[in-house]
file my_file-v9.cif (mmCIF, C-alpha atoms)
data_start
loop_
_atom_site.group_PDB
_atom_site.id
_atom_site.type_symbol
_atom_site.label_atom_id
_atom_site.label_comp_id
_atom_site.auth_asym_id
_atom_site.auth_seq_id
_atom_site.Cartn_x
_atom_site.Cartn_y
_atom_site.Cartn_z
ATOM 1 C CA MET J 1 -5.173 87.962 -34.557
ATOM 2 C CA THR J 2 -3.550 89.579 -31.529
ATOM 3 C CA ALA J 3 -2.726 93.270 -31.221
ATOM 4 C CA GLY J 4 0.990 92.493 -31.561
ATOM 5 C CA SER J 5 0.524 90.498 -34.746
ATOM 6 C CA THR J 6 -1.753 93.177 -36.218
ATOM 7 C CA GLU J 7 0.935 95.753 -35.507
ATOM 8 C CA SER J 8 3.605 93.619 -37.178
ATOM 9 C CA VAL J 9 1.409 93.215 -40.283
ATOM 10 C CA TRP J 10 1.100 96.996 -40.577
ATOM 11 C CA GLU J 11 4.855 97.392 -40.037
ATOM 12 C CA MET J 12 5.522 94.868 -42.810
ATOM 13 C CA ARG J 13 3.078 96.650 -45.137
ATOM 14 C CA ASP J 14 4.753 99.983 -44.454
ATOM 15 C CA GLY J 15 8.161 98.360 -44.968
ATOM 16 C CA LEU J 16 7.077 96.963 -48.356
ATOM 17 C CA LEU J 17 5.902 100.390 -49.472
ATOM 18 C CA GLU J 18 9.133 101.987 -48.285
ATOM 19 C CA ILE J 19 11.186 99.417 -50.216
ATOM 20 C CA LEU J 20 9.185 100.232 -53.359
ATOM 21 C CA ARG J 21 9.752 103.952 -52.767
ATOM 22 C CA LEU J 22 13.496 103.387 -52.426
ATOM 23 C CA LEU J 23 13.641 101.204 -55.554
ATOM 24 C CA ASN J 24 11.682 103.837 -57.469
ATOM 25 C CA ARG J 25 13.971 106.626 -56.268
ATOM 26 C CA ALA J 26 17.032 104.581 -57.218
ATOM 27 C CA GLU J 27 15.657 104.095 -60.719
ATOM 28 C CA MET J 28 15.115 107.829 -61.120
ATOM 29 C CA GLU J 29 18.551 108.782 -59.760
ATOM 30 C CA GLU J 30 20.773 105.949 -61.035
ATOM 31 C CA PRO J 31 21.412 104.562 -64.503
ATOM 32 C CA GLU J 32 18.577 102.355 -65.740
ATOM 33 C CA GLY J 33 18.573 98.845 -64.328
ATOM 34 C CA GLU J 34 21.222 99.513 -61.717
ATOM 35 C CA GLY J 35 18.850 98.922 -58.800
ATOM 36 C CA LEU J 36 19.765 98.455 -55.154
ATOM 37 C CA GLU J 37 21.573 95.609 -53.448
ATOM 38 C CA PRO J 38 19.971 94.183 -50.257
ATOM 39 C CA GLU J 39 22.764 95.693 -48.135
ATOM 40 C CA GLU J 40 22.057 99.129 -49.625
ATOM 41 C CA LEU J 41 18.340 98.729 -48.977
ATOM 42 C CA ALA J 42 19.017 97.718 -45.358
ATOM 43 C CA ARG J 43 21.244 100.755 -44.846
ATOM 44 C CA LEU J 44 18.681 103.130 -46.377
ATOM 45 C CA LEU J 45 15.837 101.600 -44.374
ATOM 46 C CA GLY J 46 17.914 101.911 -41.197
ATOM 47 C CA ARG J 47 18.291 105.645 -41.801
ATOM 48 C CA ARG J 48 14.543 105.970 -41.912
ATOM 49 C CA GLN J 49 12.028 104.581 -39.457
ATOM 50 C CA TYR J 50 12.711 100.913 -40.241
ATOM 51 C CA PRO J 51 15.836 99.961 -38.264
ATOM 52 C CA ARG J 52 13.900 97.027 -36.743
ATOM 53 C CA LEU J 53 13.511 95.348 -40.137
ATOM 54 C CA SER J 54 15.903 92.414 -39.795
ATOM 55 C CA GLU J 55 17.936 90.904 -42.620
ATOM 56 C CA HIS J 56 15.494 87.970 -42.632
ATOM 57 C CA ASP J 57 12.486 90.337 -42.806
ATOM 58 C CA LEU J 58 14.101 92.255 -45.652
ATOM 59 C CA GLY J 59 14.716 89.022 -47.549
ATOM 60 C CA GLU J 60 11.087 87.973 -47.068
ATOM 61 C CA ALA J 61 9.847 91.411 -48.130
ATOM 62 C CA LEU J 62 11.937 91.336 -51.299
ATOM 63 C CA ALA J 63 10.773 87.782 -52.068
ATOM 64 C CA MET J 64 7.164 88.896 -51.615
ATOM 65 C CA LEU J 65 7.628 91.895 -53.909
ATOM 66 C CA VAL J 66 9.258 89.691 -56.568
ATOM 67 C CA ALA J 67 6.530 87.011 -56.253
ATOM 68 C CA ASN J 68 3.853 89.673 -56.785
ATOM 69 C CA GLY J 69 5.677 91.174 -59.759
ATOM 70 C CA PHE J 70 6.425 94.506 -58.045
ATOM 71 C CA ALA J 71 10.219 94.074 -58.038
ATOM 72 C CA ALA J 72 12.659 92.134 -60.193
ATOM 73 C CA PRO J 73 15.970 90.558 -59.203
ATOM 74 C CA ARG J 74 19.062 91.396 -61.254
ATOM 75 C CA ASP J 75 22.176 89.249 -61.283
ATOM 76 C CA ASP J 76 24.137 90.743 -64.165
ATOM 77 C CA ARG J 77 27.339 92.366 -62.965
ATOM 78 C CA PRO J 78 27.993 95.597 -64.845
ATOM 79 C CA TYR J 79 30.656 97.901 -63.474
ATOM 80 C CA ALA J 80 29.195 100.832 -61.514
ATOM 81 C CA TRP J 81 31.548 103.787 -61.791
ATOM 82 C CA ASP J 82 29.850 105.641 -58.944
ATOM 83 C CA ARG J 83 30.406 102.666 -56.623
ATOM 84 C CA GLY J 84 33.833 101.793 -57.958
ATOM 85 C CA ARG J 85 33.023 98.087 -58.324
ATOM 86 C CA PRO J 86 30.867 95.611 -60.220
ATOM 87 C CA LEU J 87 27.289 95.432 -59.005
ATOM 88 C CA GLY J 88 26.138 92.383 -57.059
ATOM 89 C CA HIS J 89 22.715 90.781 -56.698
ATOM 90 C CA ARG J 90 20.195 93.606 -56.635
ATOM 91 C CA PHE J 91 16.569 94.538 -57.165
ATOM 92 C CA THR J 92 14.733 96.990 -59.401
ATOM 93 C CA ILE J 93 11.137 98.168 -59.390
ATOM 94 C CA THR J 94 8.835 96.901 -62.154
ATOM 95 C CA THR J 95 6.066 98.700 -64.004
ATOM 96 C CA ALA J 96 3.536 96.846 -61.839
ATOM 97 C CA GLY J 97 5.430 97.988 -58.745
ATOM 98 C CA LYS J 98 5.284 101.587 -59.920
ATOM 99 C CA GLY J 99 1.557 101.262 -60.566
ATOM 100 C CA PHE J 100 0.998 99.833 -57.089
ATOM 101 C CA LEU J 101 3.090 102.589 -55.509
ATOM 102 C CA ILE J 102 1.209 105.309 -57.420
ATOM 103 C CA ALA J 103 -2.124 103.808 -56.353
ATOM 104 C CA ARG J 104 -1.014 103.807 -52.700
ATOM 105 C CA ILE J 105 0.248 107.382 -52.914
ATOM 106 C CA SER J 106 -2.992 108.487 -54.574
ATOM 107 C CA ARG J 107 -5.021 106.740 -51.907
ATOM 108 C CA ALA J 108 -2.983 108.387 -49.150
ATOM 109 C CA ASP J 109 -3.196 111.703 -51.042
ATOM 110 C CA ARG J 110 0.445 112.529 -50.327
ATOM 111 C CA VAL J 111 3.992 111.733 -51.322
ATOM 112 C CA ASN J 112 6.551 110.779 -48.668
#
call {"tool": "encode", "arguments": {"input": "my_file-v9.cif", "output": "C-alpha coordinates"}}
result
Amino acid sequence: MTAGSTESVWEMRDGLLEILRLLNRAEMEEPEGEGLEPEELARLLGRRQYPRLSEHDLGEALAMLVANGFAAPRDDRPYAWDRGRPLGHRFTITTAGKGFLIARISRADRVN
(Lines of atoms letter the chains of each structure in order from A and count residues from 1; the text may use other names and numbers.)
(Lines give C-alpha, C1' and ligand atoms only; values in the text may rest on other atoms or scores of the structure.)
Protein backbone atom coordinates (compact mmCIF):
# COMPACT_ATOMS: atom_id res chain seq x y z
CA MET A 1 0.00 0.00 0.00
CA THR A 2 1.45 3.36 -0.99
CA ALA A 3 1.42 6.47 1.19
CA GLY A 4 -1.21 8.05 -1.07
CA SER A 5 -3.53 5.07 -0.86
CA THR A 6 -3.09 4.85 2.92
CA GLU A 7 -4.05 8.51 3.17
CA SER A 8 -7.15 7.98 1.03
CA VAL A 9 -8.23 5.05 3.23
CA TRP A 10 -8.03 7.27 6.31
CA GLU A 11 -9.92 10.04 4.50
CA MET A 12 -12.66 7.57 3.56
CA ARG A 13 -12.84 6.28 7.15
CA ASP A 14 -13.14 9.82 8.48
CA GLY A 15 -15.76 10.58 5.82
CA LEU A 16 -17.82 7.53 6.87
CA LEU A 17 -17.74 8.64 10.49
CA GLU A 18 -18.73 12.18 9.53
CA ILE A 19 -21.67 10.87 7.49
CA LEU A 20 -22.83 8.86 10.52
CA ARG A 21 -22.48 11.95 12.72
CA LEU A 22 -24.58 13.98 10.29
CA LEU A 23 -27.25 11.27 10.03
CA ASN A 24 -27.36 11.02 13.82
CA ARG A 25 -27.67 14.79 14.20
CA ALA A 26 -30.45 14.87 11.60
CA GLU A 27 -32.36 12.21 13.52
CA MET A 28 -32.09 14.21 16.73
CA GLU A 29 -33.11 17.51 15.11
CA GLU A 30 -35.67 16.42 12.50
CA PRO A 31 -38.86 14.39 12.73
CA GLU A 32 -38.20 10.66 13.07
CA GLY A 33 -37.32 8.91 9.83
CA GLU A 34 -36.89 12.08 7.83
CA GLY A 35 -33.17 11.50 7.24
CA LEU A 36 -30.93 13.31 4.78
CA GLU A 37 -30.90 13.23 1.00
CA PRO A 38 -27.50 12.67 -0.71
CA GLU A 39 -27.49 16.28 -1.95
CA GLU A 40 -28.00 17.52 1.62
CA LEU A 41 -25.20 15.28 2.87
CA ALA A 42 -22.86 16.56 0.14
CA ARG A 43 -23.66 20.16 1.05
CA LEU A 44 -23.11 19.55 4.77
CA LEU A 45 -19.87 17.66 4.14
CA GLY A 46 -18.67 20.49 1.90
CA ARG A 47 -19.14 22.96 4.74
CA ARG A 48 -16.87 20.86 6.89
CA GLN A 49 -13.48 19.46 6.00
CA TYR A 50 -14.75 17.08 3.30
CA PRO A 51 -15.21 19.18 0.15
CA ARG A 52 -13.00 16.69 -1.76
CA LEU A 53 -15.51 13.88 -1.26
CA SER A 54 -16.92 13.51 -4.77
CA GLU A 55 -20.49 12.51 -5.61
CA HIS A 56 -19.16 9.06 -6.56
CA ASP A 57 -17.28 8.75 -3.24
CA LEU A 58 -20.38 9.79 -1.33
CA GLY A 59 -22.45 7.19 -3.16
CA GLU A 60 -19.88 4.49 -2.36
CA ALA A 61 -19.72 5.59 1.29
CA LEU A 62 -23.50 5.45 1.64
CA ALA A 63 -23.60 2.03 -0.06
CA MET A 64 -20.93 0.78 2.34
CA LEU A 65 -22.82 2.09 5.37
CA VAL A 66 -26.05 0.46 4.15
CA ALA A 67 -24.27 -2.85 3.37
CA ASN A 68 -22.85 -2.92 6.91
CA GLY A 69 -26.21 -2.08 8.47
CA PHE A 70 -25.13 1.34 9.79
CA ALA A 71 -27.51 3.35 7.58
CA ALA A 72 -30.84 2.60 5.92
CA PRO A 73 -32.22 3.98 2.66
CA ARG A 74 -35.69 5.53 2.68
CA ASP A 75 -37.79 5.97 -0.44
CA ASP A 76 -41.16 6.92 1.01
CA ARG A 77 -42.12 10.46 0.08
CA PRO A 78 -43.79 12.22 3.00
CA TYR A 79 -44.23 15.96 2.76
CA ALA A 80 -41.61 17.88 4.76
CA TRP A 81 -43.10 21.17 5.90
CA ASP A 82 -39.70 22.60 6.82
CA ARG A 83 -38.43 21.94 3.29
CA GLY A 84 -41.66 22.86 1.55
CA ARG A 85 -41.67 19.73 -0.62
CA PRO A 86 -41.97 15.95 -0.52
CA LEU A 87 -38.80 14.19 0.56
CA GLY A 88 -36.76 12.28 -2.01
CA HIS A 89 -34.45 9.29 -1.66
CA ARG A 90 -32.66 9.68 1.65
CA PHE A 91 -30.75 7.88 4.38
CA THR A 92 -31.20 7.45 8.12
CA ILE A 93 -28.88 6.07 10.77
CA THR A 94 -29.68 2.64 12.23
CA THR A 95 -29.29 1.38 15.78
CA ALA A 96 -26.14 -0.47 14.68
CA GLY A 97 -24.84 2.77 13.17
CA LYS A 98 -25.43 4.59 16.44
CA GLY A 99 -23.64 1.84 18.34
CA PHE A 100 -20.67 2.03 15.98
CA LEU A 101 -20.56 5.82 16.26
CA ILE A 102 -20.71 5.68 20.08
CA ALA A 103 -17.90 3.12 20.13
CA ARG A 104 -15.74 5.36 17.92
CA ILE A 105 -16.47 8.42 20.03
CA SER A 106 -15.68 6.49 23.21
CA ARG A 107 -12.44 5.23 21.71
CA ALA A 108 -11.46 8.75 20.66
CA ASP A 109 -12.59 10.04 24.08
CA ARG A 110 -14.25 13.10 22.56
CA VAL A 111 -17.28 14.29 20.67
CA ASN A 112 -16.86 16.34 17.49
call {"tool": "residues_near_point", "arguments": {"input": "my_file-v9.cif", "point": "(21.3, 92.6, -63.3)", "cutoff": "6 Å", "atoms": "only C-alpha atoms", "output": "JSON, numbers by chain"}}
result
{"J": [74, 75, 76]}
call {"tool": "axis_aligned_box", "arguments": {"input": "my_file-v9.cif", "around": "range 76-88 of chain J", "padding_each_side": "4 Å", "output": "AutoDock Vina command-line options"}}
result
--center_x 29.0 --center_y 98.2 --center_z -60.7 --size_x 17.7 --size_y 22.9 --size_z 16.2
call {"tool": "atom_distance", "arguments": {"input": "my_file-v9.cif", "atom1": "CA of Glu34 in chain J", "atom2": "CA of Ile19 in chain J"}}
result
15.3 Å
call {"tool": "atom_distance", "arguments": {"input": "my_file-v9.cif", "atom1": "CA of Asn68 in chain J", "atom2": "CA of Arg47 in chain J"}}
result
26.2 Å
call {"tool": "resolve_selection", "arguments": {"input": "my_file-v9.cif", "expression": "the PyMOL selection byres ((chain J and resi 61) around 12)", "output": "VMD selection string"}}
result
chain J and resid 9 11 to 20 38 41 to 42 53 to 60 62 to 68 70 to 71 91
call {"tool": "closest_residue", "arguments": {"input": "my_file-v9.cif", "among": "J:Arg90, J:Arg77, J:Lys98, J:Arg107", "to": "Glu40 in chain J", "atoms": "only C-alpha atoms"}}
result
J:Arg90
call {"tool": "atom_distance", "arguments": {"input": "my_file-v9.cif", "atom1": "CA of Leu23 in chain J", "atom2": "CA of Ile93 in chain J"}}
result
5.5 Å
call {"tool": "closest_residue", "arguments": {"input": "my_file-v9.cif", "among": "J:His89, J:Arg21, J:Arg48, J:Arg43", "to": "Arg104 in chain J", "atoms": "only C-alpha atoms"}}
result
J:Arg21
call {"tool": "resolve_selection", "arguments": {"input": "my_file-v9.cif", "expression": "the PyMOL selection byres ((chain J and resi 31) around 12)", "output": "PyMOL selection string"}}
result
chain J and resi 25-30+32-36+78-82+92
